[in-house]
Amino acid sequence: MDISQFFTSADLFGIAPEIILTVTALSVLTLEMLHVSRPGIILMVAALGLFLAGALAINTSGDEQILFGGMLVLNRFSVFFDFLYITIGLLTLIFSQGYLEKRGSASRGEYPALILFAIIGMMLMTRANDLVIVFLGLELLSLSLYILVGFLRHDQLSNESGLKYLLLGAFATGFFLFGAALTYGAAGTTNYNGIVTAITNNTILSDTYLFLGIGLLLIGFAFKVALVPFHMWSPDVYQGAPTTVTGFLCTAPKAAGFGALIILFNRAFVDIHYQWQDIFWILSAMTMTIGNISALIQHNVKRMLAFSSVSHAGFLIMGILVLNETSISAVLFYLVVYSVVNLGAFAIVSAAEQEERGLNLKDYRGLAAQHPWLSAAMTIFMLSLAGFPPTAGFVAKFGLFSAAVSQGYIGLVIIAVLNTLISIYYYLRLVVNMYMQKEESTLILSYKMLAIVFVGLIAIMMIILGITPGYLLEIVTEAASTVA
Amino acid sequence: MVVPLEHVIALSMILFSIGVLGVLFRRNAITIFMSIELMLNAVNLALVGFSRYYNSVDGQVFVFLVMTLAAAEVAVGLAIIIALYRNRQTVNIDEINLMKN
């Protein structure tokens, strides 16, 4: 049998980062099986694999490549996302050192391996040019996350959130799949280029199938990126999951979901995107408002950050509502800032977390006296999430809002600005607890040196990006220009 | 006799809705899981129906992938449910509510 009719060497070079990550994940599992006793070695191997994959991803950048007969498309947009996932993965591994042991679980090789598998799934999602590939990527991601969320199997909260995430995630998969099936039925193909051709030539089998199909696909995505009213799982799952996993869970899959959604609506459904603008408008307004108002009444830091991430998803949907080059590059910028800031914030929360303590806002009282540097970093993260100048969060929000205003969505931007004002209250409540309360903090923070260095680096980067965002703006504009 | 496409899709939609209702109204985690499997199988039926209508194998290949996923999901799902049962001695989702506040 001649295999060259199925794929060429260019195809294999194109997916080299995925291949490297798969090999790394399997080696990590093998090392675990061989009882390599020092957890540091396993983490190091995983980090090395991520570095290598990143180096290969940069090699494949440049011109647009179509791989596997139109199944995958490689361009600057997908390479941008590859880098984002790899960065998030590396930061998660760095911040996870010693965390599982602290929570009473042995450090296991499965943990980095599952993170690597999740990254492969996400890479496929933003490289996909076919509904089948998006589906496979989404499921590889979701299956890894179900296990990661329930990783502390002797902890009841972790069990519970694992089960909730599994049931609702699988439920969402059902919607996504039925949407994909109906879209296939309407267009006769699952390939994005084929769908575009069918829509422009008006060879759609039935508009009902297409309409239902897109709607169900959207519900599937809305579950995965936690848009109101499909966000009910997120606070419970974020609260019960191991904190380092929560950091990963609220950043990388969201980026992948929005990336795949942009490609889907910008490539496959580009001609009928205008029919869905009202839906996006409503989703955006509801998500940011309900997310923010629910965050106001939370006392648990993880739940507060969970609702805050729901409201951020509402802001990001604005970019998909507008869907032009400016708005896509604004979404990319926002995703970078949002992801690293959240990872940093969750790293500090995971350092403060102890048995029964360290997750309530009250526990942070007077922390600034004991840990001035960490408190300063946390303050920068909170200000950045709230969108204060001169942090990067301000630039991100400003870009997104101005992209929406330039297309005439003034009402939505007013809602968004009001929401930003509301969000300042709950972000600053944490800062007020750290600085203004005179109580002696009894929290004992446990952290590794490397993690603290990276928390500091993120904080400094957020300030630098807030003052001179030019370099990152250039990268995101270039990435956005390849899809817009 | 050839079954018309509309009938296949209508059946698939009915099965899918039964699955959705099962997820929404059942309280036993295992039953909910079975309802999700029903949803996935409704999808498979629709895919096979469309595949036959278009005389293309795309849909059938998709079905294989969905079946693989369903198997993987059961493996992960039952493992999570068993881990939970060991700690809590229940799989009723109304009793699994430590985080309600």
# chains A, B, ... in the order shown; residues from 1 in each chain; ligands from 1
call {"tool": "residues_around", "arguments": {"residues": "range 15-28 of chain B", "least_positions_apart": "3", "cutoff": "8 Å", "atoms": "only C-alpha atoms", "output": "count of residues only"}}
result
18
call {"tool": "residues_around", "arguments": {"residues": "range 64-67 of chain B", "least_positions_apart": "3", "cutoff": "10 Å", "atoms": "only C-alpha atoms", "output": "CSV table (one decimal) with N, CA and C atoms, in the first residue's frame"}}
result
chain,number,residue,atom,x,y,z
A,132,VAL,N,-14.9,18.0,11.9
A,132,VAL,CA,-14.5,16.7,12.5
A,132,VAL,C,-13.2,17.0,13.4
A,135,PHE,N,-14.0,18.9,16.5
A,135,PHE,CA,-14.6,17.9,17.5
A,135,PHE,C,-13.6,17.1,18.2
A,136,LEU,N,-12.6,16.5,17.4
A,136,LEU,CA,-11.6,15.7,18.0
A,136,LEU,C,-10.7,16.5,18.9
A,139,GLU,N,-12.6,17.3,22.2
A,139,GLU,CA,-12.8,16.1,23.0
A,139,GLU,C,-11.5,15.7,23.7
A,174,GLY,N,-22.8,16.6,23.2
A,174,GLY,CA,-23.9,16.2,22.5
A,174,GLY,C,-24.5,17.3,21.6
A,177,LEU,N,-22.1,18.0,18.7
A,177,LEU,CA,-22.1,17.0,17.7
A,177,LEU,C,-23.4,17.1,16.9
B,37,GLU,N,-25.4,9.2,26.4
B,37,GLU,CA,-25.1,8.3,25.3
B,37,GLU,C,-26.2,8.2,24.3
B,40,LEU,N,-25.7,11.0,21.9
B,40,LEU,CA,-24.7,10.8,21.0
B,40,LEU,C,-25.1,9.8,19.9
B,41,ASN,N,-26.0,8.8,20.3
B,41,ASN,CA,-26.4,7.8,19.3
B,41,ASN,C,-27.4,8.5,18.3
B,43,VAL,N,-27.2,11.5,17.3
B,43,VAL,CA,-26.3,12.2,16.4
B,43,VAL,C,-25.8,11.2,15.3
B,44,ASN,N,-25.4,10.0,15.8
B,44,ASN,CA,-24.9,9.0,14.8
B,44,ASN,C,-26.0,8.6,13.8
B,59,GLY,N,-19.9,11.2,6.5
B,59,GLY,CA,-20.8,11.0,7.7
B,59,GLY,C,-20.5,9.7,8.4
B,60,GLN,N,-20.2,8.7,7.7
B,60,GLN,CA,-20.0,7.4,8.3
B,60,GLN,C,-18.7,7.4,9.1
B,61,VAL,N,-17.7,8.0,8.5
B,61,VAL,CA,-16.4,8.1,9.2
B,61,VAL,C,-16.6,8.9,10.5
B,70,ALA,N,-17.4,8.2,22.5
B,70,ALA,CA,-18.4,7.8,23.5
B,70,ALA,C,-17.7,6.7,24.4
B,71,ALA,N,-16.9,5.8,23.8
B,71,ALA,CA,-16.3,4.8,24.6
B,71,ALA,C,-15.3,5.4,25.6
B,72,ALA,N,-14.5,6.4,25.1
B,72,ALA,CA,-13.5,7.0,25.9
B,72,ALA,C,-14.2,7.8,27.1
B,73,GLU,N,-15.3,8.4,26.7
B,73,GLU,CA,-16.0,9.2,27.8
B,73,GLU,C,-16.6,8.3,28.8
call {"tool": "residues_around", "arguments": {"residues": "Trp281 in chain A", "least_positions_apart": "5", "cutoff": "8 Å", "atoms": "only C-alpha atoms", "output": "PyMOL selection string"}}
result
chain A and resi 318+321+412
call {"tool": "residues_around", "arguments": {"residues": "Phe211 in chain A", "least_positions_apart": "3", "cutoff": "12 Å", "atoms": "only C-alpha atoms", "output": "ChimeraX atom specification"}}
result
/A:179-180,182-187,199,204-208,214-218,269,272-273,275-276
call {"tool": "residues_around", "arguments": {"residues": "range 418-431 of chain A", "least_positions_apart": "4", "cutoff": "8 Å", "atoms": "only C-alpha atoms", "output": "PyMOL selection string"}}
result
chain A and resi 288-289+292-293+295-296+304+308+361+364+375+378-379+382-383+385-387+414+435
call {"tool": "write_last_selection", "arguments": {"atoms": "N, CA, C and O atoms", "output": "PDB file, in the first residue's frame"}}
result
ATOM      1  N   MET A 288     -21.707  39.225  30.508  1.00  0.00           N
ATOM      2  CA  MET A 288     -20.891  40.137  31.335  1.00  0.00           C
ATOM      3  C   MET A 288     -21.674  40.622  32.549  1.00  0.00           C
ATOM      4  O   MET A 288     -21.145  40.697  33.653  1.00  0.00           O
ATOM      5  N   THR A 289     -22.972  40.883  32.382  1.00  0.00           N
ATOM      6  CA  THR A 289     -23.736  41.429  33.504  1.00  0.00           C
ATOM      7  C   THR A 289     -23.940  40.378  34.593  1.00  0.00           C
ATOM      8  O   THR A 289     -23.654  40.623  35.769  1.00  0.00           O
ATOM      9  N   ASN A 292     -20.720  39.392  36.383  1.00  0.00           N
ATOM     10  CA  ASN A 292     -20.233  40.411  37.315  1.00  0.00           C
ATOM     11  C   ASN A 292     -21.074  40.500  38.565  1.00  0.00           C
ATOM     12  O   ASN A 292     -20.560  40.600  39.677  1.00  0.00           O
ATOM     13  N   ILE A 293     -22.398  40.471  38.386  1.00  0.00           N
ATOM     14  CA  ILE A 293     -23.263  40.630  39.557  1.00  0.00           C
ATOM     15  C   ILE A 293     -23.119  39.427  40.483  1.00  0.00           C
ATOM     16  O   ILE A 293     -23.095  39.569  41.702  1.00  0.00           O
ATOM     17  N   ALA A 295     -20.413  37.715  40.822  1.00  0.00           N
ATOM     18  CA  ALA A 295     -19.092  37.795  41.462  1.00  0.00           C
ATOM     19  C   ALA A 295     -19.123  38.699  42.689  1.00  0.00           C
ATOM     20  O   ALA A 295     -18.356  38.498  43.625  1.00  0.00           O
ATOM     21  N   LEU A 296     -20.036  39.680  42.679  1.00  0.00           N
ATOM     22  CA  LEU A 296     -20.083  40.642  43.790  1.00  0.00           C
ATOM     23  C   LEU A 296     -20.338  39.976  45.137  1.00  0.00           C
ATOM     24  O   LEU A 296     -19.854  40.441  46.158  1.00  0.00           O
ATOM     25  N   MET A 304     -15.093  33.706  43.178  1.00  0.00           N
ATOM     26  CA  MET A 304     -15.103  35.078  42.668  1.00  0.00           C
ATOM     27  C   MET A 304     -14.375  35.141  41.323  1.00  0.00           C
ATOM     28  O   MET A 304     -14.876  35.717  40.363  1.00  0.00           O
ATOM     29  N   SER A 308     -15.726  36.075  37.667  1.00  0.00           N
ATOM     30  CA  SER A 308     -15.029  37.126  36.918  1.00  0.00           C
ATOM     31  C   SER A 308     -14.646  36.602  35.539  1.00  0.00           C
ATOM     32  O   SER A 308     -14.761  37.312  34.548  1.00  0.00           O
ATOM     33  N   LEU A 361     -12.040  35.290  51.283  1.00  0.00           N
ATOM     34  CA  LEU A 361     -11.502  36.646  51.180  1.00  0.00           C
ATOM     35  C   LEU A 361     -10.976  37.134  52.528  1.00  0.00           C
ATOM     36  O   LEU A 361      -9.975  37.833  52.597  1.00  0.00           O
ATOM     37  N   TYR A 364      -7.320  36.702  53.665  1.00  0.00           N
ATOM     38  CA  TYR A 364      -6.254  37.520  53.086  1.00  0.00           C
ATOM     39  C   TYR A 364      -6.010  38.798  53.880  1.00  0.00           C
ATOM     40  O   TYR A 364      -5.185  39.612  53.514  1.00  0.00           O
ATOM     41  N   SER A 375       1.723  40.494  47.666  1.00  0.00           N
ATOM     42  CA  SER A 375       0.503  41.295  47.696  1.00  0.00           C
ATOM     43  C   SER A 375       0.531  42.339  46.595  1.00  0.00           C
ATOM     44  O   SER A 375      -0.495  42.613  45.970  1.00  0.00           O
ATOM     45  N   MET A 378      -0.337  40.587  43.430  1.00  0.00           N
ATOM     46  CA  MET A 378      -1.772  40.294  43.395  1.00  0.00           C
ATOM     47  C   MET A 378      -2.551  41.566  43.071  1.00  0.00           C
ATOM     48  O   MET A 378      -3.521  41.530  42.314  1.00  0.00           O
ATOM     49  N   THR A 379      -2.115  42.699  43.638  1.00  0.00           N
ATOM     50  CA  THR A 379      -2.799  43.966  43.356  1.00  0.00           C
ATOM     51  C   THR A 379      -2.715  44.307  41.883  1.00  0.00           C
ATOM     52  O   THR A 379      -3.712  44.701  41.269  1.00  0.00           O
ATOM     53  N   MET A 382      -5.152  42.125  40.020  1.00  0.00           N
ATOM     54  CA  MET A 382      -6.552  42.526  40.183  1.00  0.00           C
ATOM     55  C   MET A 382      -6.837  43.802  39.390  1.00  0.00           C
ATOM     56  O   MET A 382      -7.874  43.929  38.741  1.00  0.00           O
ATOM     57  N   LEU A 383      -5.894  44.765  39.430  1.00  0.00           N
ATOM     58  CA  LEU A 383      -6.091  46.007  38.683  1.00  0.00           C
ATOM     59  C   LEU A 383      -6.138  45.710  37.190  1.00  0.00           C
ATOM     60  O   LEU A 383      -6.907  46.311  36.441  1.00  0.00           O
ATOM     61  N   LEU A 385      -7.125  42.883  35.789  1.00  0.00           N
ATOM     62  CA  LEU A 385      -8.402  42.249  35.452  1.00  0.00           C
ATOM     63  C   LEU A 385      -9.507  43.297  35.416  1.00  0.00           C
ATOM     64  O   LEU A 385     -10.424  43.238  34.597  1.00  0.00           O
ATOM     65  N   ALA A 386      -9.434  44.275  36.321  1.00  0.00           N
ATOM     66  CA  ALA A 386     -10.458  45.306  36.346  1.00  0.00           C
ATOM     67  C   ALA A 386     -10.294  46.279  35.190  1.00  0.00           C
ATOM     68  O   ALA A 386     -11.246  46.956  34.808  1.00  0.00           O
ATOM     69  N   GLY A 387      -9.077  46.371  34.645  1.00  0.00           N
ATOM     70  CA  GLY A 387      -8.862  47.255  33.502  1.00  0.00           C
ATOM     71  C   GLY A 387      -8.415  48.652  33.871  1.00  0.00           C
ATOM     72  O   GLY A 387      -8.755  49.615  33.192  1.00  0.00           O
ATOM     73  N   ILE A 414     -21.669  50.650  26.276  1.00  0.00           N
ATOM     74  CA  ILE A 414     -22.080  51.312  27.526  1.00  0.00           C
ATOM     75  C   ILE A 414     -22.318  50.263  28.610  1.00  0.00           C
ATOM     76  O   ILE A 414     -21.850  50.404  29.743  1.00  0.00           O
ATOM     77  N   TYR A 435      -4.501  45.029  52.265  1.00  0.00           N
ATOM     78  CA  TYR A 435      -3.747  46.213  52.697  1.00  0.00           C
ATOM     79  C   TYR A 435      -4.366  46.983  53.850  1.00  0.00           C
ATOM     80  O   TYR A 435      -3.673  47.483  54.706  1.00  0.00           O
TER      81      TYR A 435
END
